[in-house]
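Participant: Sharing a structure with you now.
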Protein chains: 2
Amino acid sequence: MPTSTWHNLDPARRERVLRAAMAEFGRHGYSAGSLNVIAREAGVAKGSLFQYFADKRDLFATVAEDTGLRVRAEMARYLAGPEPGQSFADFLCDALDAWVRYFAKHPLERGVTAATNLEIDPEVRAAVREPVHRLYLDALRPLCELARERGELAPGADLEALLGMLLLLLPHLAIAPFEPALDPVLGLYGSDPPSLREPVRRVVHSLLSGYGVAPTPSR
Amino acid sequence: MPTSTWHNLDPARRERVLRAAMAEFGRHGYSAGSLNVIAREAGVAKGSLFQYFADKRDLFATVAEDTGLRVRAEMARYLAGPEPGQSFADFLCDALDAWVRYFAKHPLERGVTAATNLEIDPEVRAAVREPVHRLYLDALRPLCELARERGELAPGADLEALLGMLLLLLPHLAIAPFEPALDPVLGLYGSDPPSLREPVRRVVHSLLSGYGVAPTPSR
DNA sequence: GCTCCACATGACCACGTGGTCACATCCCCT
DNA sequence: AGGGGATGTGACCACGTGGTCATGTGGAGC
């Protein structure tokens, strides 16, 4: 947790520190991210960082959580669910498209999302990812349940599995389309960066409607 | 690329270096992995590492590629596709189940897979992930095409999207079930580690048969 | 016995790290 | 005016890093 000093801080100064940290951690990840660089870029003495945060991890956790909140705020208009008359599938397309476009326009948030999801140290992951995951789940589960109540998902649909796939897909869609053809689903985007909507539709369509064959039911 | 010295090396010594590197990179990832530790654990002078590899990245890339080959060798029996009379869905369940069980039994390979997939530095990622991705795609695409030819996937099925999801799912299934309840799909495994088969079936079923609704077709 | 060469070794290097701390500066309160 | 707590600062610390290199070792060929 950040110190009280951090909360009392001049907002402009706080913002400078935050943005510098987002940029540095976003570029190099947690363990390779340098506090020296962050302090320099923020125009702040390194000692100050330790007056605001207990240690490096505390800073990173704060950056990650703050970023999660920024993103959720940006997505607020989708948290209410589909517009009247809009199908769940179309809604999902819209939301994911907005999601991708948001990260296209906000490289800092994209970097932090990458750093958060690509962190390997289990302790750091736990400290940083768990709250963000809860943020996502709290937003997504009601939407899926609403869709099922409305009869837009098959009554027997495995909501947990769907949530799992979405939670896998979301960070991927935030990061992958903007890296040089490294990732699988991202490959769909690579060729035509200005129009991201069509690839999103393909993914959503395939995810929701399946591939035309069902395995033998369980048990 | 490793030096010629590396290839001429006493296999036992080579194996010791390799396993030490797998363990270290697997635990701490590339950038936080320490050559000092690797040399010590392998029982080898640090200078020797630089007689085998150009630099740290070279070592890591070698470890990653070697691991990829080990894994593929282990999965060899699934590369031929379904047994006669076996459905594609059942085959996929079997293969993914074997996949998960393999990584359950091989923590070193699991660690390296984690480190490979969680690397954030774009240059390192490119050097390390691209060959492994090709390995996966070369194995998976023929299987999917075979399934479509056999009529086990809908003729209009979006094979690229399916491959994308599989390529997203595979590393996840290799890593997530063995971390403390951190990840979405992994959550399915958490409670009942000895029997992993049922969760795999749920994921495959949902992936292949969808959730009972289709978005408006594209265009 | 001698040369030669491939390889092994660990002391050593310059550097950047996360973190500390004694001191300076500021501003509110009396 | 001046005391005092809160905040800012950067020199400084011990340490670990990736990487180098002069020296040592051992065995094959003459």
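Residues are named by chain letter and number: chains run A, B, ... in the order of the structure tokens, numbers start at 1 in each chain, and ligands are numbered from 1 in the order shown.
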Given only C-alpha atoms (C1' of nucleotides), how would the per-residue table for chain B near chain C read, listing every residue at most 7 Å away with its closest atom pair and distance in Å to one decimal, sorted by chain and number, as a Markdown table?

Facilitator:
```
| residue | atom | partner | partner_atom | distance |
| --- | --- | --- | --- | --- |
| B:Ala45 | CA | C:DT9 | C1' | 6.0 |
| B:Gly47 | CA | C:DT9 | C1' | 6.9 |
| B:Ser48 | CA | C:DA8 | C1' | 6.6 |
```

Participant: As an mmCIF file with C-alpha atoms, in the first residue's frame, please: chain A after a least-squares superposition onto chain B using all C-alpha atoms matched in order.

Facilitator:
```
data_model
loop_
_atom_site.group_PDB
_atom_site.id
_atom_site.type_symbol
_atom_site.label_atom_id
_atom_site.label_comp_id
_atom_site.auth_asym_id
_atom_site.auth_seq_id
_atom_site.Cartn_x
_atom_site.Cartn_y
_atom_site.Cartn_z
ATOM 1 C CA MET A 1 23.367 -20.182 -31.848
ATOM 2 C CA PRO A 2 25.453 -22.296 -29.498
ATOM 3 C CA THR A 3 29.133 -22.690 -30.370
ATOM 4 C CA SER A 4 30.667 -25.817 -31.825
ATOM 5 C CA THR A 5 32.177 -26.452 -28.400
ATOM 6 C CA TRP A 6 28.652 -26.909 -27.071
ATOM 7 C CA HIS A 7 27.841 -29.543 -29.644
ATOM 8 C CA ASN A 8 31.064 -31.443 -29.053
ATOM 9 C CA LEU A 9 30.516 -31.433 -25.330
ATOM 10 C CA ASP A 10 30.307 -34.459 -23.114
ATOM 11 C CA PRO A 11 26.560 -35.167 -23.110
ATOM 12 C CA ALA A 12 26.376 -35.507 -19.340
ATOM 13 C CA ARG A 13 27.919 -32.091 -18.882
ATOM 14 C CA ARG A 14 25.628 -30.627 -21.536
ATOM 15 C CA GLU A 15 22.619 -32.095 -19.802
ATOM 16 C CA ARG A 16 23.714 -30.632 -16.454
ATOM 17 C CA VAL A 17 24.003 -27.156 -17.926
ATOM 18 C CA LEU A 18 20.678 -27.504 -19.710
ATOM 19 C CA ARG A 19 18.785 -28.686 -16.673
ATOM 20 C CA ALA A 20 20.283 -26.004 -14.445
ATOM 21 C CA ALA A 21 19.311 -23.361 -16.982
ATOM 22 C CA MET A 22 15.787 -24.784 -17.329
ATOM 23 C CA ALA A 23 15.329 -24.655 -13.585
ATOM 24 C CA GLU A 24 16.661 -21.133 -13.175
ATOM 25 C CA PHE A 25 14.886 -19.562 -16.132
ATOM 26 C CA GLY A 26 11.777 -21.534 -15.279
ATOM 27 C CA ARG A 27 11.697 -20.091 -11.793
ATOM 28 C CA HIS A 28 12.646 -16.496 -12.471
ATOM 29 C CA GLY A 29 12.142 -15.914 -16.165
ATOM 30 C CA TYR A 30 14.711 -14.642 -18.577
ATOM 31 C CA SER A 31 15.665 -11.232 -17.255
ATOM 32 C CA ALA A 32 15.672 -12.197 -13.592
ATOM 33 C CA GLY A 33 17.373 -15.527 -14.215
ATOM 34 C CA SER A 34 20.988 -15.524 -13.075
ATOM 35 C CA LEU A 35 23.920 -16.974 -14.976
ATOM 36 C CA ASN A 36 25.839 -17.202 -11.700
ATOM 37 C CA VAL A 37 23.173 -19.495 -10.311
ATOM 38 C CA ILE A 38 23.024 -21.569 -13.462
ATOM 39 C CA ALA A 39 26.799 -22.070 -13.487
ATOM 40 C CA ARG A 40 26.852 -22.960 -9.802
ATOM 41 C CA GLU A 41 23.964 -25.417 -10.027
ATOM 42 C CA ALA A 42 25.416 -27.027 -13.124
ATOM 43 C CA GLY A 43 28.794 -27.406 -11.410
ATOM 44 C CA VAL A 44 30.490 -25.434 -14.137
ATOM 45 C CA ALA A 45 32.571 -22.260 -14.233
ATOM 46 C CA LYS A 46 30.699 -19.211 -15.414
ATOM 47 C CA GLY A 47 33.344 -18.677 -18.059
ATOM 48 C CA SER A 48 32.377 -22.018 -19.562
ATOM 49 C CA LEU A 49 28.863 -20.786 -20.263
ATOM 50 C CA PHE A 50 30.359 -18.165 -22.523
ATOM 51 C CA GLN A 51 32.371 -20.802 -24.303
ATOM 52 C CA TYR A 52 29.135 -22.578 -25.158
ATOM 53 C CA PHE A 53 26.848 -19.624 -25.857
ATOM 54 C CA ALA A 54 27.327 -16.174 -27.290
ATOM 55 C CA ASP A 55 25.456 -14.540 -24.429
ATOM 56 C CA LYS A 56 22.588 -14.937 -22.022
ATOM 57 C CA ARG A 57 19.958 -14.703 -24.692
ATOM 58 C CA ASP A 58 21.639 -17.396 -26.721
ATOM 59 C CA LEU A 59 21.481 -19.719 -23.743
ATOM 60 C CA PHE A 60 17.831 -18.912 -23.144
ATOM 61 C CA ALA A 61 16.912 -19.412 -26.778
ATOM 62 C CA THR A 62 18.660 -22.772 -26.774
ATOM 63 C CA VAL A 63 16.889 -23.839 -23.614
ATOM 64 C CA ALA A 64 13.546 -22.794 -25.057
ATOM 65 C CA GLU A 65 14.031 -24.557 -28.355
ATOM 66 C CA ASP A 66 15.353 -27.711 -26.768
ATOM 67 C CA THR A 67 12.369 -27.762 -24.445
ATOM 68 C CA GLY A 68 10.007 -27.308 -27.363
ATOM 69 C CA LEU A 69 11.550 -30.331 -29.030
ATOM 70 C CA ARG A 70 11.314 -32.424 -25.874
ATOM 71 C CA VAL A 71 7.657 -31.580 -25.568
ATOM 72 C CA ARG A 72 6.913 -32.333 -29.181
ATOM 73 C CA ALA A 73 8.690 -35.656 -28.902
ATOM 74 C CA GLU A 74 6.531 -36.498 -25.928
ATOM 75 C CA MET A 75 3.402 -35.590 -27.867
ATOM 76 C CA ALA A 76 4.526 -37.463 -30.960
ATOM 77 C CA ARG A 77 1.888 -40.108 -30.679
ATOM 78 C CA TYR A 78 -0.829 -37.461 -31.061
ATOM 79 C CA LEU A 79 0.677 -35.788 -34.102
ATOM 80 C CA ALA A 80 -0.680 -38.515 -36.352
ATOM 81 C CA GLY A 81 -4.254 -37.536 -35.559
ATOM 82 C CA PRO A 82 -7.215 -39.494 -34.215
ATOM 83 C CA GLU A 83 -7.148 -43.264 -34.036
ATOM 84 C CA PRO A 84 -9.420 -44.968 -36.547
ATOM 85 C CA GLY A 85 -12.986 -44.579 -35.388
ATOM 86 C CA GLN A 86 -12.180 -41.885 -32.835
ATOM 87 C CA SER A 87 -13.967 -38.575 -33.141
ATOM 88 C CA PHE A 88 -11.981 -35.382 -33.471
ATOM 89 C CA ALA A 89 -13.469 -34.046 -30.261
ATOM 90 C CA ASP A 90 -12.528 -37.122 -28.283
ATOM 91 C CA PHE A 91 -9.091 -37.033 -29.816
ATOM 92 C CA LEU A 92 -8.667 -33.421 -28.789
ATOM 93 C CA CYS A 93 -9.715 -34.283 -25.248
ATOM 94 C CA ASP A 94 -7.191 -37.083 -25.121
ATOM 95 C CA ALA A 95 -4.405 -34.968 -26.509
ATOM 96 C CA LEU A 96 -5.025 -32.017 -24.214
ATOM 97 C CA ASP A 97 -5.347 -34.306 -21.254
ATOM 98 C CA ALA A 98 -2.009 -35.891 -22.078
ATOM 99 C CA TRP A 99 -0.602 -32.401 -22.520
ATOM 100 C CA VAL A 100 -1.695 -31.323 -19.075
ATOM 101 C CA ARG A 101 -0.498 -34.522 -17.464
ATOM 102 C CA TYR A 102 2.874 -34.211 -19.155
ATOM 103 C CA PHE A 103 3.472 -30.781 -17.682
ATOM 104 C CA ALA A 104 2.196 -31.973 -14.338
ATOM 105 C CA LYS A 105 4.980 -34.514 -14.297
ATOM 106 C CA HIS A 106 7.699 -32.306 -15.765
ATOM 107 C CA PRO A 107 8.127 -29.134 -13.743
ATOM 108 C CA LEU A 108 11.272 -28.125 -15.597
ATOM 109 C CA GLU A 109 9.563 -28.142 -18.970
ATOM 110 C CA ARG A 110 6.594 -26.395 -17.412
ATOM 111 C CA GLY A 111 8.802 -23.652 -16.036
ATOM 112 C CA VAL A 112 10.505 -23.060 -19.344
ATOM 113 C CA THR A 113 7.151 -22.945 -21.108
ATOM 114 C CA ALA A 114 6.031 -20.346 -18.625
ATOM 115 C CA ALA A 115 9.202 -18.308 -19.007
ATOM 116 C CA THR A 116 8.928 -18.507 -22.773
ATOM 117 C CA ASN A 117 5.332 -17.404 -22.933
ATOM 118 C CA LEU A 118 5.621 -14.751 -20.249
ATOM 119 C CA GLU A 119 8.663 -13.003 -21.629
ATOM 120 C CA ILE A 120 7.920 -9.341 -22.202
ATOM 121 C CA ASP A 121 10.982 -8.053 -24.038
ATOM 122 C CA PRO A 122 9.925 -8.074 -27.698
ATOM 123 C CA GLU A 123 13.345 -9.029 -28.986
ATOM 124 C CA VAL A 124 13.719 -11.939 -26.631
ATOM 125 C CA ARG A 125 10.141 -13.007 -27.354
ATOM 126 C CA ALA A 126 10.743 -12.947 -31.050
ATOM 127 C CA ALA A 127 13.937 -14.953 -30.730
ATOM 128 C CA VAL A 128 12.378 -17.496 -28.432
ATOM 129 C CA ARG A 129 8.704 -17.756 -29.167
ATOM 130 C CA GLU A 130 8.571 -17.663 -32.905
ATOM 131 C CA PRO A 131 10.239 -21.038 -33.521
ATOM 132 C CA VAL A 132 8.137 -22.639 -30.812
ATOM 133 C CA HIS A 133 4.962 -21.181 -32.292
ATOM 134 C CA ARG A 134 5.869 -22.584 -35.681
ATOM 135 C CA LEU A 135 6.412 -25.942 -34.018
ATOM 136 C CA TYR A 136 2.902 -25.824 -32.602
ATOM 137 C CA LEU A 137 1.218 -24.560 -35.746
ATOM 138 C CA ASP A 138 2.907 -27.124 -37.932
ATOM 139 C CA ALA A 139 1.499 -29.795 -35.676
ATOM 140 C CA LEU A 140 -1.990 -28.381 -35.189
ATOM 141 C CA ARG A 141 -2.975 -27.085 -38.606
ATOM 142 C CA PRO A 142 -2.830 -30.471 -40.357
ATOM 143 C CA LEU A 143 -4.910 -31.979 -37.579
ATOM 144 C CA CYS A 144 -7.605 -29.353 -37.990
ATOM 145 C CA GLU A 145 -7.585 -29.656 -41.739
ATOM 146 C CA LEU A 146 -7.869 -33.395 -41.483
ATOM 147 C CA ALA A 147 -10.866 -32.992 -39.188
ATOM 148 C CA ARG A 148 -12.551 -30.682 -41.656
ATOM 149 C CA GLU A 149 -11.934 -33.031 -44.558
ATOM 150 C CA ARG A 150 -13.499 -35.824 -42.575
ATOM 151 C CA GLY A 151 -16.549 -33.661 -41.988
ATOM 152 C CA GLU A 152 -15.897 -33.462 -38.257
ATOM 153 C CA LEU A 153 -15.713 -29.707 -38.344
ATOM 154 C CA ALA A 154 -18.378 -27.656 -40.050
ATOM 155 C CA PRO A 155 -17.325 -26.869 -43.631
ATOM 156 C CA GLY A 156 -17.511 -23.142 -42.918
ATOM 157 C CA ALA A 157 -15.616 -23.376 -39.645
ATOM 158 C CA ASP A 158 -13.033 -20.660 -39.186
ATOM 159 C CA LEU A 159 -9.937 -22.805 -38.845
ATOM 160 C CA GLU A 160 -7.640 -19.852 -38.257
ATOM 161 C CA ALA A 161 -9.753 -18.671 -35.356
ATOM 162 C CA LEU A 162 -9.756 -22.189 -33.929
ATOM 163 C CA LEU A 163 -5.994 -22.386 -34.271
ATOM 164 C CA GLY A 164 -5.711 -19.038 -32.577
ATOM 165 C CA MET A 165 -7.758 -20.177 -29.624
ATOM 166 C CA LEU A 166 -5.786 -23.404 -29.381
ATOM 167 C CA LEU A 167 -2.503 -21.544 -29.483
ATOM 168 C CA LEU A 168 -3.809 -19.379 -26.691
ATOM 169 C CA LEU A 169 -5.093 -22.352 -24.745
ATOM 170 C CA LEU A 170 -2.068 -24.614 -24.985
ATOM 171 C CA PRO A 171 0.487 -22.589 -23.038
ATOM 172 C CA HIS A 172 -2.215 -21.712 -20.585
ATOM 173 C CA LEU A 173 -3.044 -25.357 -19.926
ATOM 174 C CA ALA A 174 0.653 -26.060 -19.542
ATOM 175 C CA ILE A 175 1.122 -23.466 -16.837
ATOM 176 C CA ALA A 176 -2.051 -22.411 -15.135
ATOM 177 C CA PRO A 177 -3.286 -25.600 -13.481
ATOM 178 C CA PHE A 178 -0.172 -25.686 -11.327
ATOM 179 C CA GLU A 179 -0.269 -22.207 -9.949
ATOM 180 C CA PRO A 180 -2.377 -21.374 -6.936
ATOM 181 C CA ALA A 181 -5.746 -20.465 -8.427
ATOM 182 C CA LEU A 182 -4.396 -17.492 -10.312
ATOM 183 C CA ASP A 183 -5.826 -18.049 -13.719
ATOM 184 C CA PRO A 184 -9.263 -18.263 -15.243
ATOM 185 C CA VAL A 185 -9.481 -21.568 -17.045
ATOM 186 C CA LEU A 186 -7.185 -23.055 -14.464
ATOM 187 C CA GLY A 187 -9.870 -22.379 -11.927
ATOM 188 C CA LEU A 188 -11.561 -25.438 -13.386
ATOM 189 C CA TYR A 189 -8.669 -27.551 -12.258
ATOM 190 C CA GLY A 190 -7.930 -26.046 -8.905
ATOM 191 C CA SER A 191 -10.313 -28.037 -6.798
ATOM 192 C CA ASP A 192 -9.557 -31.520 -8.035
ATOM 193 C CA PRO A 193 -5.938 -31.918 -9.102
ATOM 194 C CA PRO A 194 -5.879 -35.718 -9.428
ATOM 195 C CA SER A 195 -8.657 -35.802 -12.023
ATOM 196 C CA LEU A 196 -7.830 -33.280 -14.702
ATOM 197 C CA ARG A 197 -9.705 -35.012 -17.437
ATOM 198 C CA GLU A 198 -13.170 -33.677 -16.715
ATOM 199 C CA PRO A 199 -12.173 -29.992 -16.845
ATOM 200 C CA VAL A 200 -10.378 -30.585 -20.123
ATOM 201 C CA ARG A 201 -13.527 -32.118 -21.513
ATOM 202 C CA ARG A 202 -15.557 -29.107 -20.432
ATOM 203 C CA VAL A 203 -13.213 -26.705 -22.146
ATOM 204 C CA VAL A 204 -13.044 -28.737 -25.337
ATOM 205 C CA HIS A 205 -16.801 -29.220 -25.396
ATOM 206 C CA SER A 206 -17.493 -25.537 -24.953
ATOM 207 C CA LEU A 207 -14.861 -24.532 -27.444
ATOM 208 C CA LEU A 208 -16.062 -26.876 -30.165
ATOM 209 C CA SER A 209 -19.795 -26.721 -29.695
ATOM 210 C CA GLY A 210 -20.059 -23.079 -28.680
ATOM 211 C CA TYR A 211 -22.507 -21.534 -26.297
ATOM 212 C CA GLY A 212 -25.714 -21.971 -28.157
ATOM 213 C CA VAL A 213 -26.008 -18.730 -30.036
ATOM 214 C CA ALA A 214 -24.454 -17.270 -33.134
ATOM 215 C CA PRO A 215 -23.785 -13.591 -33.821
ATOM 216 C CA THR A 216 -25.018 -12.132 -37.046
ATOM 217 C CA PRO A 217 -22.731 -13.484 -39.744
ATOM 218 C CA SER A 218 -19.958 -11.166 -40.904
ATOM 219 C CA ARG A 219 -20.561 -8.708 -43.745
#
```

Participant: Quick one: pick out all alpha helix (DSSP H) residues within segment 1-207 of chain B from a backbone DSSP run and write them as a count of residues only.

Facilitator: 154

Participant: Give me, as an NGL selection string, the contact residues of chain D against chain A at a cut-off of 9 Å, counting only C-alpha atoms (C1' of nucleotides).

Facilitator: :D and (6-10)
